[in-house]
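The file protein03.csv comes next; it holds CSV, C-alpha atoms.
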```csv
chain,number,residue,atom,x,y,z
A,18,MET,CA,0.0,0.0,0.0
A,19,ALA,CA,1.4,3.4,-0.9
A,20,GLN,CA,2.2,5.9,1.8
A,21,PHE,CA,-0.2,8.8,2.2
A,22,GLY,CA,0.3,11.3,-0.6
A,23,GLY,CA,2.3,8.7,-2.5
A,24,ALA,CA,2.2,8.0,-6.2
A,25,GLN,CA,-1.4,7.4,-7.3
A,26,MET,CA,-1.1,9.2,-10.6
A,27,GLY,CA,-4.2,9.5,-12.9
A,28,GLY,CA,-3.8,9.7,-16.7
A,29,GLY,CA,-3.5,12.8,-18.6
A,30,GLY,CA,-2.4,15.1,-15.8
A,31,ALA,CA,-5.5,14.2,-13.8
A,32,ASN,CA,-3.5,14.2,-10.5
A,33,PRO,CA,-0.7,16.8,-10.9
A,34,ASN,CA,-0.2,17.1,-7.1
A,35,ASN,CA,0.5,13.4,-6.7
A,36,ASP,CA,-2.3,13.0,-4.2
A,37,PHE,CA,-4.1,9.8,-3.2
A,38,ALA,CA,-7.0,9.0,-5.5
A,39,VAL,CA,-10.2,7.6,-3.8
A,40,ALA,CA,-11.4,4.4,-5.3
A,41,ASN,CA,-15.0,4.0,-6.5
A,42,PRO,CA,-15.8,7.8,-6.7
A,43,PRO,CA,-19.3,9.0,-7.6
A,44,SER,CA,-20.4,8.5,-11.2
A,45,ASP,CA,-21.6,12.0,-11.8
A,46,GLY,CA,-20.8,15.6,-10.8
A,47,ILE,CA,-19.6,15.8,-7.1
A,48,SER,CA,-21.6,18.4,-5.2
A,49,SER,CA,-20.2,18.2,-1.6
A,50,LEU,CA,-17.6,16.6,0.5
A,51,SER,CA,-18.0,16.4,4.3
A,52,TRP,CA,-15.7,14.9,6.9
A,53,SER,CA,-16.8,13.4,10.2
A,54,PRO,CA,-16.0,15.7,13.1
A,55,THR,CA,-14.6,12.8,15.1
A,56,SER,CA,-12.8,10.4,12.8
A,57,ASN,CA,-11.6,9.9,9.2
A,58,PHE,CA,-14.8,9.1,7.5
A,59,LEU,CA,-15.6,11.1,4.4
A,60,VAL,CA,-19.0,11.6,2.8
A,61,ALA,CA,-19.5,12.6,-0.9
A,62,THR,CA,-22.7,13.6,-2.6
A,63,SER,CA,-23.3,13.9,-6.3
A,64,TRP,CA,-25.7,14.4,-9.2
A,65,ASP,CA,-26.1,10.6,-9.5
A,66,CYS,CA,-28.4,10.8,-6.4
A,67,ASP,CA,-25.9,8.9,-4.3
A,68,VAL,CA,-24.5,9.7,-0.8
A,69,LEU,CA,-21.3,7.7,-0.4
A,70,CYS,CA,-19.3,7.1,2.8
A,71,TYR,CA,-15.6,6.2,2.8
A,72,GLU,CA,-13.3,5.3,5.6
A,73,VAL,CA,-9.8,6.7,5.2
A,74,ASP,CA,-6.9,4.8,6.8
A,75,GLN,CA,-3.5,6.1,7.9
A,76,TYR,CA,-1.9,5.4,4.5
A,77,GLY,CA,-4.5,7.4,2.6
A,78,ALA,CA,-6.5,4.5,1.3
A,79,ALA,CA,-10.2,5.3,1.2
A,80,VAL,CA,-12.4,2.3,1.6
A,81,PRO,CA,-16.1,2.6,0.5
A,82,LYS,CA,-18.2,1.6,3.5
A,83,ALA,CA,-21.8,2.2,2.6
A,84,SER,CA,-24.1,4.4,0.5
A,85,ILE,CA,-27.7,5.6,0.3
A,86,LYS,CA,-29.8,7.1,-2.5
A,87,HIS,CA,-32.0,10.1,-2.9
A,88,ASP,CA,-34.7,10.4,-5.5
A,89,ALA,CA,-33.0,13.2,-7.3
A,90,PRO,CA,-29.5,14.8,-7.4
A,91,VAL,CA,-27.9,15.5,-3.9
A,92,LEU,CA,-26.5,19.0,-3.4
A,93,CYS,CA,-25.3,19.1,0.2
A,94,SER,CA,-24.2,17.1,3.3
A,95,ALA,CA,-23.3,17.6,6.9
A,96,TRP,CA,-22.5,15.4,9.9
A,97,SER,CA,-24.0,15.2,13.4
A,98,ALA,CA,-21.5,16.4,16.1
A,99,ASP,CA,-20.9,12.9,17.4
A,100,GLY,CA,-20.2,11.5,13.9
A,101,ALA,CA,-23.0,9.0,14.2
A,102,ALA,CA,-25.2,10.3,11.5
A,103,VAL,CA,-25.1,12.1,8.1
A,104,PHE,CA,-27.6,14.7,6.8
A,105,SER,CA,-28.0,15.1,3.1
A,106,GLY,CA,-30.3,17.2,1.0
A,107,GLY,CA,-30.9,18.1,-2.6
A,108,CYS,CA,-33.3,18.2,-5.6
A,109,ASP,CA,-35.9,15.9,-4.1
A,110,ASN,CA,-36.7,18.7,-1.7
A,111,GLN,CA,-35.9,16.6,1.4
A,112,VAL,CA,-33.2,16.0,4.0
A,113,LYS,CA,-32.4,12.4,4.9
A,114,LYS,CA,-30.7,11.5,8.2
A,115,TRP,CA,-28.5,8.5,7.7
A,116,ASP,CA,-27.8,6.6,10.9
A,117,LEU,CA,-24.5,4.9,10.2
A,118,ALA,CA,-24.9,2.3,12.9
A,119,THR,CA,-28.1,0.9,11.5
A,120,ASN,CA,-27.5,2.0,7.9
A,121,GLN,CA,-31.0,3.4,7.9
A,122,PRO,CA,-32.0,6.7,6.3
A,123,THR,CA,-35.1,8.6,7.4
A,124,GLN,CA,-36.5,11.9,6.1
A,125,VAL,CA,-36.2,14.6,8.7
A,126,ALA,CA,-36.8,17.9,6.8
A,127,GLY,CA,-38.5,19.1,3.7
A,128,HIS,CA,-38.9,22.2,1.5
A,129,ASP,CA,-41.0,23.3,-1.5
A,130,ALA,CA,-37.9,23.4,-3.8
A,131,PRO,CA,-34.4,21.9,-3.8
A,132,ILE,CA,-32.3,22.2,-0.6
A,133,ARG,CA,-29.0,23.8,-1.5
A,134,HIS,CA,-27.2,23.9,1.9
A,135,LEU,CA,-27.6,22.6,5.4
A,136,ALA,CA,-25.7,22.6,8.7
A,137,TRP,CA,-26.1,20.8,12.1
A,138,ILE,CA,-25.9,23.3,15.0
A,139,GLN,CA,-24.8,21.2,17.9
A,140,GLU,CA,-25.1,24.1,20.5
A,141,VAL,CA,-28.9,24.2,20.0
A,142,ASN,CA,-29.5,20.6,18.7
A,143,LEU,CA,-31.1,21.9,15.5
A,144,LEU,CA,-30.6,21.3,11.8
A,145,VAL,CA,-30.7,24.4,9.6
A,146,THR,CA,-31.6,24.1,5.9
A,147,GLY,CA,-31.5,26.7,3.1
A,148,SER,CA,-33.6,26.2,0.0
A,149,TRP,CA,-34.3,27.6,-3.4
A,150,ASP,CA,-37.9,28.1,-2.1
A,151,LYS,CA,-36.4,31.3,-0.4
A,152,THR,CA,-36.6,30.0,3.1
A,153,LEU,CA,-34.4,29.0,6.0
A,154,LYS,CA,-35.8,26.3,8.2
A,155,TYR,CA,-34.7,25.1,11.6
A,156,TRP,CA,-35.5,21.5,12.5
A,157,ASP,CA,-35.7,19.4,15.7
A,158,THR,CA,-35.1,16.2,13.7
A,159,ARG,CA,-37.5,14.3,16.1
A,160,GLN,CA,-40.4,16.5,14.9
A,161,ALA,CA,-42.2,16.5,11.5
A,162,SER,CA,-42.6,20.2,11.3
A,163,PRO,CA,-39.8,22.9,11.4
A,164,ALA,CA,-39.2,24.6,14.7
A,165,LEU,CA,-38.8,27.9,12.8
A,166,THR,CA,-39.1,29.1,9.3
A,167,VAL,CA,-37.4,32.3,8.2
A,168,ALA,CA,-38.1,34.1,4.8
A,169,LEU,CA,-35.1,34.9,2.6
A,170,PRO,CA,-35.1,37.7,0.0
A,171,GLU,CA,-34.0,35.2,-2.7
A,172,ARG,CA,-32.9,31.6,-3.3
A,173,CYS,CA,-30.3,30.2,-0.9
A,174,TYR,CA,-27.0,29.8,-2.8
A,175,ALA,CA,-24.5,29.4,0.1
A,176,MET,CA,-24.4,29.0,3.9
A,177,SER,CA,-21.8,28.7,6.7
A,178,CYS,CA,-22.3,28.4,10.4
A,179,VAL,CA,-19.9,28.8,13.4
A,180,HIS,CA,-22.3,29.2,16.3
A,181,PRO,CA,-23.7,31.8,17.0
A,182,LEU,CA,-22.7,33.2,13.6
A,183,LEU,CA,-24.7,32.0,10.6
A,184,VAL,CA,-24.0,33.5,7.1
A,185,VAL,CA,-26.4,33.0,4.3
A,186,ALA,CA,-25.9,34.1,0.7
A,187,THR,CA,-28.7,34.2,-1.8
A,188,ALA,CA,-29.4,35.0,-5.5
A,189,GLU,CA,-29.1,38.7,-6.4
A,190,ARG,CA,-26.0,39.0,-4.2
A,191,HIS,CA,-27.8,39.3,-0.9
A,192,ILE,CA,-25.8,38.3,2.2
A,193,LEU,CA,-27.6,37.8,5.5
A,194,VAL,CA,-25.7,37.6,8.8
A,195,TYR,CA,-27.6,36.0,11.7
A,196,ASN,CA,-26.8,35.9,15.4
A,197,LEU,CA,-28.4,32.6,16.4
A,198,SER,CA,-29.4,34.0,19.8
A,199,ASN,CA,-32.1,35.7,17.7
A,200,PRO,CA,-32.5,33.6,14.5
A,201,GLN,CA,-35.8,35.1,13.4
A,202,VAL,CA,-34.3,38.2,12.0
A,203,PRO,CA,-30.8,38.9,10.5
A,204,PHE,CA,-28.3,40.8,12.6
A,205,LYS,CA,-27.2,42.5,9.3
A,206,THR,CA,-28.2,42.3,5.6
A,207,VAL,CA,-25.7,43.6,3.0
A,208,GLN,CA,-25.0,43.4,-0.7
A,209,SER,CA,-22.0,41.3,-1.6
A,210,PRO,CA,-18.9,43.4,-2.1
A,211,LEU,CA,-18.3,41.3,-5.2
A,212,LYS,CA,-20.1,42.4,-8.4
A,213,TYR,CA,-21.0,38.9,-9.6
A,214,GLN,CA,-23.0,35.9,-8.3
A,215,THR,CA,-22.0,34.4,-4.9
A,216,ARG,CA,-20.8,30.9,-5.1
A,217,THR,CA,-19.6,30.2,-1.5
A,218,VAL,CA,-19.3,31.7,1.9
A,219,ALA,CA,-17.2,30.7,4.9
A,220,ALA,CA,-17.6,32.0,8.5
A,221,PHE,CA,-14.4,32.9,10.3
A,222,PRO,CA,-13.5,30.4,13.0
A,223,ASP,CA,-13.4,33.3,15.5
A,224,ARG,CA,-16.9,34.4,14.3
A,225,GLY,CA,-15.7,37.9,13.6
A,226,GLY,CA,-16.5,37.8,9.9
A,227,TYR,CA,-16.8,35.7,6.7
A,228,LEU,CA,-15.3,35.1,3.3
A,229,VAL,CA,-17.3,35.4,0.1
A,230,GLY,CA,-16.4,33.7,-3.2
A,231,SER,CA,-17.9,34.6,-6.5
A,232,ILE,CA,-18.1,33.2,-10.0
A,233,GLU,CA,-15.7,36.0,-11.1
A,234,GLY,CA,-12.5,34.6,-9.6
A,235,ARG,CA,-12.6,36.9,-6.6
A,236,VAL,CA,-12.8,36.5,-2.8
A,237,ALA,CA,-14.0,39.1,-0.3
A,238,VAL,CA,-12.9,39.3,3.4
A,239,ASN,CA,-15.7,40.9,5.4
A,240,HIS,CA,-16.0,41.6,9.1
A,241,VAL,CA,-19.4,41.6,10.9
A,242,GLU,CA,-18.9,44.7,13.0
A,243,ASP,CA,-19.0,48.0,11.2
A,244,SER,CA,-16.1,49.2,13.4
A,245,LEU,CA,-13.8,46.7,11.6
A,246,ALA,CA,-14.9,47.7,8.1
A,247,ALA,CA,-11.5,49.2,7.4
A,248,LYS,CA,-10.1,45.7,7.5
A,249,ASN,CA,-12.4,44.5,4.7
A,250,PHE,CA,-10.7,43.8,1.4
A,251,THR,CA,-11.1,41.7,-1.8
A,252,PHE,CA,-8.6,39.8,-3.9
A,253,LYS,CA,-8.4,38.1,-7.3
A,254,CYS,CA,-7.8,34.4,-7.6
A,255,HIS,CA,-8.4,31.4,-9.9
A,256,ARG,CA,-7.5,33.3,-13.0
A,257,GLU,CA,-5.2,32.3,-15.9
A,258,ASN,CA,-4.2,35.0,-18.3
A,259,THR,CA,-7.5,36.4,-19.6
A,260,ASP,CA,-9.6,33.5,-18.4
A,261,ILE,CA,-11.6,34.0,-15.2
A,262,TYR,CA,-12.9,31.0,-13.2
A,263,SER,CA,-15.5,30.5,-10.4
A,264,VAL,CA,-14.4,30.2,-6.8
A,265,ASN,CA,-16.5,27.0,-5.9
A,266,ASP,CA,-15.6,26.4,-2.3
A,267,ILE,CA,-13.8,28.0,0.7
A,268,LYS,CA,-12.9,26.1,3.9
A,269,PHE,CA,-10.9,27.2,6.9
A,270,HIS,CA,-8.2,25.0,8.4
A,271,PRO,CA,-9.4,23.8,11.8
A,272,VAL,CA,-6.0,24.4,13.5
A,273,HIS,CA,-4.3,27.4,11.9
A,274,GLY,CA,-7.2,29.5,10.7
A,275,THR,CA,-5.9,29.9,7.2
A,276,PHE,CA,-8.1,28.7,4.4
A,277,VAL,CA,-8.2,26.9,1.0
A,278,THR,CA,-10.1,28.0,-2.1
A,279,CYS,CA,-11.2,25.6,-4.8
A,280,GLY,CA,-11.7,26.8,-8.3
A,281,SER,CA,-13.1,25.9,-11.7
A,282,ASP,CA,-9.6,26.4,-13.1
A,283,GLY,CA,-8.7,23.0,-11.5
A,284,VAL,CA,-6.5,24.6,-8.8
A,285,PHE,CA,-6.7,24.8,-5.0
A,286,ASN,CA,-4.8,27.5,-3.2
A,287,PHE,CA,-3.9,28.0,0.5
A,288,TRP,CA,-4.3,31.6,1.9
A,289,ASP,CA,-3.6,33.7,5.0
A,290,LYS,CA,-6.1,36.5,5.2
A,291,ASP,CA,-4.4,38.2,8.1
A,292,SER,CA,-1.1,38.7,6.3
A,293,LYS,CA,-2.9,38.9,2.9
A,294,GLN,CA,-0.8,36.3,1.3
A,295,ARG,CA,-1.2,33.2,-0.8
A,296,LEU,CA,0.7,30.5,1.1
A,297,LYS,CA,0.7,27.9,-1.7
A,298,GLN,CA,-0.7,27.3,-5.1
A,299,MET,CA,-1.1,23.7,-6.1
A,300,GLY,CA,-0.8,22.1,-9.6
A,301,LYS,CA,-3.7,22.5,-12.1
A,302,CYS,CA,-6.0,19.5,-12.4
A,303,ALA,CA,-7.6,18.5,-15.7
A,304,ALA,CA,-11.1,19.6,-14.6
A,305,PRO,CA,-12.8,22.0,-12.2
A,306,ILE,CA,-12.5,21.5,-8.4
A,307,THR,CA,-16.1,21.6,-7.3
A,308,CYS,CA,-15.7,21.3,-3.6
A,309,GLY,CA,-13.2,20.4,-0.8
A,310,GLY,CA,-12.7,20.2,2.9
A,311,PHE,CA,-10.2,19.5,5.7
A,312,ASN,CA,-10.6,16.5,8.0
A,313,HIS,CA,-11.1,17.1,11.8
A,314,ASP,CA,-7.4,17.7,12.6
A,315,GLY,CA,-6.5,19.5,9.4
A,316,LYS,CA,-4.0,16.9,8.2
A,317,ILE,CA,-5.9,15.8,5.1
A,318,LEU,CA,-7.6,17.9,2.4
A,319,ALA,CA,-10.2,16.1,0.3
A,320,TYR,CA,-11.1,17.7,-3.0
A,321,ALA,CA,-13.3,16.7,-5.9
A,322,VAL,CA,-12.2,17.1,-9.5
A,323,SER,CA,-15.4,17.0,-11.5
A,324,TYR,CA,-16.9,19.0,-14.4
A,325,ASP,CA,-19.2,21.8,-13.2
A,326,TRP,CA,-21.0,22.4,-16.5
A,327,SER,CA,-20.0,26.0,-16.5
A,328,LYS,CA,-19.2,25.8,-20.2
A,329,GLY,CA,-22.1,23.6,-21.1
A,330,GLY,CA,-21.8,20.4,-23.1
A,331,SER,CA,-19.1,21.7,-25.5
A,332,ASP,CA,-16.3,21.5,-23.0
A,333,PRO,CA,-14.2,18.3,-23.4
A,334,ALA,CA,-14.6,17.7,-19.6
A,335,ALA,CA,-18.4,17.2,-20.2
A,336,SER,CA,-17.8,14.0,-22.1
A,337,SER,CA,-14.8,12.7,-20.2
A,338,GLY,CA,-16.9,11.1,-17.5
A,339,ARG,CA,-14.2,11.7,-14.9
A,340,ASN,CA,-15.4,12.4,-11.4
A,341,ASP,CA,-12.5,12.0,-8.9
A,342,ILE,CA,-11.9,12.6,-5.3
A,343,TYR,CA,-8.3,13.1,-4.1
A,344,LEU,CA,-6.8,13.2,-0.6
A,345,HIS,CA,-3.9,15.7,-0.1
A,346,ALA,CA,-1.6,15.2,2.9
A,347,VAL,CA,-1.4,18.8,4.2
A,348,LYS,CA,2.0,20.1,5.1
A,349,ASP,CA,2.6,22.6,7.8
A,350,GLU,CA,4.3,25.1,5.5
A,351,GLU,CA,1.2,25.1,3.3
A,352,VAL,CA,-1.2,26.2,6.0
A,353,LYS,CA,0.7,27.8,8.8
A,354,PRO,CA,0.1,31.6,9.1
A,355,ARG,CA,3.0,33.6,7.7
A,356,PRO,CA,3.9,37.1,8.7
A,357,ALA,CA,4.0,39.7,5.9
A,358,ALA,CA,7.7,40.0,4.9
A,359,ASN,CA,7.4,43.7,4.1
A,360,PRO,CA,4.7,46.3,3.7
A,361,SER,CA,4.2,45.6,0.1
A,362,ALA,CA,3.3,42.0,0.9
A,363,ASN,CA,0.1,43.3,2.6
A,364,SER,CA,-1.2,44.1,-0.9
A,365,ARG,CA,-0.3,40.8,-2.5
A,366,GLY,CA,-3.5,39.6,-4.1
A,367,GLY,CA,-4.9,42.4,-2.0
A,368,ARG,CA,-7.4,45.2,-2.2
A,369,ARG,CA,-8.7,45.4,-5.7
```

Turn the structure described in the file into structure tokens.
Amino acid sequence: MAQFGGAQMGGGGANPNNDFAVANPPSDGISSLSWSPTSNFLVATSWDCDVLCYEVDQYGAAVPKASIKHDAPVLCSAWSADGAAVFSGGCDNQVKKWDLATNQPTQVAGHDAPIRHLAWIQEVNLLVTGSWDKTLKYWDTRQASPALTVALPERCYAMSCVHPLLVVATAERHILVYNLSNPQVPFKTVQSPLKYQTRTVAAFPDRGGYLVGSIEGRVAVNHVEDSLAAKNFTFKCHRENTDIYSVNDIKFHPVHGTFVTCGSDGVFNFWDKDSKQRLKQMGKCAAPITCGGFNHDGKILAYAVSYDWSKGGSDPAASSGRNDIYLHAVKDEEVKPRPAANPSANSRGGRR
């Protein structure tokens, strides 16, 4: 068995970073990757309606353990805090809770349109779901009806929660910031500082702000409190010459507070927002990176290389049939915060 991060090369430059390829990946576009908060179990959801669970060993081998199906493409996933259950939602307008011990899924939530994002909020024992029906709903999963329904100004496109901070991005570039001590109304509603459609958001681990990624190869660093507005900035990323690509996912490192961006250019980058630097740019994969995420101790980054249909059926990736998941052994030098070497470094990739 190869050591973690060892040679598991795919053909045609599919694995330029020499990362470990997960066996038996989904057969259609990969929509989300979620790690157990307690162990190295990884869940993947996809447009083939499957929810797949893999166990990752110390050598980087990912063994398929079990799977369930939805009645339509699956768009999002999240784990319970104890790692005993997985929540998944999508285009069948429902959330299933998958009890891994019994291998039994049960419906625990529903909307009138596809469910784009969800999160388990351990501090209040509630599941929050965001839908294209323009609502947020909070669920006690033992009850058939939602504990609370909150109207959104538009369809939910992105969500991130670090209790008590909940950030929701919708169509038409609305961003709603909630303090979950008062979830009925947003603490703040703003327009995205980015000029194009929001693709992803990520709440700061210290709850002081959030990142916004757009389809126009740009990330915004925003603080919640108006008194810190001077620290807000945006930077360009996931661009190649005149080509501009979507920022599909942003995830914070659980130990160091730096973050990774995953783009439709097939690249993932590590960043330090505090010193305004890119820490590491990785090799370009043969297809877009649709999603990614760190495991519970930040030693593994899982990322999905999968066509995102951003160029329709004419792109060669549309007919390649490749949908791969890779496991990257994270090195300290890739994710440890780095002080700005000089004043000009503060503008590297900086305020634009």

For the atom pair CA of Ser94 (chain A) and CA of Leu135 (chain A), what is the interatomic distance in Å to one decimal place?
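CA of Leu135 (chain A) lies 6.8 Å from CA of Ser94 (chain A).
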
CA of Gly100 (chain A) and CA of Leu117 (chain A) are how many Å apart?
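A separation of 8.7 Å between them.
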
Interface rows for region 76-140 of chain A against region 317-325 of chain A: nearest pair, Å to one decimal, 12 Å, all atoms listed in the file, as JSON lines:
```
{"residue": "A:Tyr76", "atom": "CA", "partner": "A:Ile317", "partner_atom": "CA", "distance": 11.2}
{"residue": "A:Gly77", "atom": "CA", "partner": "A:Ile317", "partner_atom": "CA", "distance": 8.9}
{"residue": "A:Ala78", "atom": "CA", "partner": "A:Ile317", "partner_atom": "CA", "distance": 11.9}
{"residue": "A:Ala79", "atom": "CA", "partner": "A:Ala319", "partner_atom": "CA", "distance": 10.8}
```

Applying 9 Å and only C-alpha atoms, which residues near region 154-168 of chain A remain after dropping the ones on its own chain fewer than 4 positions away? List them as a PyMOL selection string.
chain A and resi 114+124-128+142-148+200-202

Please produce a file of the residues just selected, as a CSV table (one decimal), in the coordinates of the input, where the atoms kept are C-alpha atoms.
```
chain,number,residue,atom,x,y,z
A,114,LYS,CA,-30.7,11.5,8.2
A,124,GLN,CA,-36.5,11.9,6.1
A,125,VAL,CA,-36.2,14.6,8.7
A,126,ALA,CA,-36.8,17.9,6.8
A,127,GLY,CA,-38.5,19.1,3.7
A,128,HIS,CA,-38.9,22.2,1.5
A,142,ASN,CA,-29.5,20.6,18.7
A,143,LEU,CA,-31.1,21.9,15.5
A,144,LEU,CA,-30.6,21.3,11.8
A,145,VAL,CA,-30.7,24.4,9.6
A,146,THR,CA,-31.6,24.1,5.9
A,147,GLY,CA,-31.5,26.7,3.1
A,148,SER,CA,-33.6,26.2,0.0
A,200,PRO,CA,-32.5,33.6,14.5
A,201,GLN,CA,-35.8,35.1,13.4
A,202,VAL,CA,-34.3,38.2,12.0
```

Identify which of the residues A:Lys113, A:His180, A:Arg216, A:Lys293 lies closest to Tyr262 (chain A), counting all atoms listed in the file when measuring atom-to-atom distances.
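Among the listed residues, A:Arg216 lies closest to Tyr262 (chain A).
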
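CA of Cys93 (chain A) lies 29.3 Å from CA of Glu242 (chain A).
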
With only C-alpha atoms counted, which protein, DNA or RNA residues have an atom no more than 12 Å from (-23.3, 20.2, -13.7) in the file frame? Please answer as a compact mmCIF listing (two decimals) with C-alpha atoms, in the coordinates of the input.
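Everything below was put into out.txt:
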```
# COMPACT_ATOMS: atom_id res chain seq x y z
CA ASP A 45 -21.60 12.00 -11.80
CA GLY A 46 -20.80 15.60 -10.80
CA ILE A 47 -19.60 15.80 -7.10
CA SER A 48 -21.60 18.40 -5.20
CA SER A 63 -23.30 13.90 -6.30
CA TRP A 64 -25.70 14.40 -9.20
CA ASP A 65 -26.10 10.60 -9.50
CA PRO A 90 -29.50 14.80 -7.40
CA VAL A 91 -27.90 15.50 -3.90
CA LEU A 92 -26.50 19.00 -3.40
CA SER A 281 -13.10 25.90 -11.70
CA PRO A 305 -12.80 22.00 -12.20
CA THR A 307 -16.10 21.60 -7.30
CA SER A 323 -15.40 17.00 -11.50
CA TYR A 324 -16.90 19.00 -14.40
CA ASP A 325 -19.20 21.80 -13.20
CA TRP A 326 -21.00 22.40 -16.50
CA SER A 327 -20.00 26.00 -16.50
CA LYS A 328 -19.20 25.80 -20.20
CA GLY A 329 -22.10 23.60 -21.10
CA GLY A 330 -21.80 20.40 -23.10
CA ASP A 332 -16.30 21.50 -23.00
CA ALA A 334 -14.60 17.70 -19.60
CA ALA A 335 -18.40 17.20 -20.20
CA SER A 336 -17.80 14.00 -22.10
CA GLY A 338 -16.90 11.10 -17.50
CA ASN A 340 -15.40 12.40 -11.40
```

If we count all atoms listed in the file, what is near Phe276 (chain A) at a cut-off of 9 Å, once residues fewer than 5 positions away on the same chain are taken out, given as number ranges by chain?
A: 267-271, 286-290, 352

Polymer residues at most 6 Å from region 229-234 of chain A, only C-alpha atoms, same-chain spacing of 6 or more positions, as number ranges by chain:
A: 214-218, 253-255, 261-264

Shortest contact to Pro210 (chain A), candidates A:Leu183, A:Ala38, A:Val241, A:Asn249, atoms counted all atoms listed in the file, goes to A:Asn249

Please fill the gaps in region 228-245 of chain A so it has N, CA and C atoms, and write that as a short mmCIF file (atom, residue, chain, number, x, y, z; two decimals), in the frame of the given file.
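This is the output file part35.cif:
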```
data_model
loop_
_atom_site.label_atom_id
_atom_site.label_comp_id
_atom_site.auth_asym_id
_atom_site.auth_seq_id
_atom_site.Cartn_x
_atom_site.Cartn_y
_atom_site.Cartn_z
N LEU A 228 -15.87 34.99 4.66
CA LEU A 228 -15.30 35.10 3.30
C LEU A 228 -16.46 34.87 2.32
N VAL A 229 -16.37 35.54 1.17
CA VAL A 229 -17.30 35.40 0.10
C VAL A 229 -16.56 35.06 -1.17
N GLY A 230 -16.95 34.00 -1.89
CA GLY A 230 -16.40 33.70 -3.20
C GLY A 230 -17.38 33.80 -4.27
N SER A 231 -16.97 34.33 -5.42
CA SER A 231 -17.90 34.60 -6.50
C SER A 231 -17.52 33.81 -7.76
N ILE A 232 -18.40 33.88 -8.76
CA ILE A 232 -18.10 33.20 -10.00
C ILE A 232 -17.07 33.95 -10.84
N GLU A 233 -16.65 35.13 -10.38
CA GLU A 233 -15.70 36.00 -11.10
C GLU A 233 -14.32 35.93 -10.55
N GLY A 234 -13.89 34.77 -10.04
CA GLY A 234 -12.50 34.60 -9.60
C GLY A 234 -12.08 35.65 -8.59
N ARG A 235 -12.88 35.84 -7.54
CA ARG A 235 -12.60 36.90 -6.60
C ARG A 235 -13.13 36.44 -5.20
N VAL A 236 -12.42 36.83 -4.14
CA VAL A 236 -12.80 36.50 -2.80
C VAL A 236 -12.88 37.84 -1.98
N ALA A 237 -13.91 38.00 -1.16
CA ALA A 237 -14.00 39.10 -0.30
C ALA A 237 -13.82 38.68 1.17
N VAL A 238 -13.08 39.48 1.93
CA VAL A 238 -12.90 39.30 3.40
C VAL A 238 -13.70 40.34 4.07
N ASN A 239 -14.77 39.95 4.75
CA ASN A 239 -15.70 40.90 5.40
C ASN A 239 -15.79 40.64 6.86
N HIS A 240 -15.84 41.71 7.64
CA HIS A 240 -16.00 41.60 9.10
C HIS A 240 -17.48 41.96 9.43
N VAL A 241 -17.99 41.35 10.48
CA VAL A 241 -19.40 41.60 10.90
C VAL A 241 -19.61 42.96 11.41
N GLU A 242 -18.74 43.40 12.31
CA GLU A 242 -18.90 44.70 13.00
C GLU A 242 -18.49 45.84 12.07
N ASP A 243 -19.31 46.87 12.03
CA ASP A 243 -19.00 48.00 11.20
C ASP A 243 -17.69 48.70 11.64
N SER A 244 -17.34 48.58 12.93
CA SER A 244 -16.10 49.20 13.40
C SER A 244 -14.86 48.59 12.83
N LEU A 245 -14.99 47.40 12.22
CA LEU A 245 -13.80 46.70 11.60
C LEU A 245 -13.88 46.80 10.09
#
```
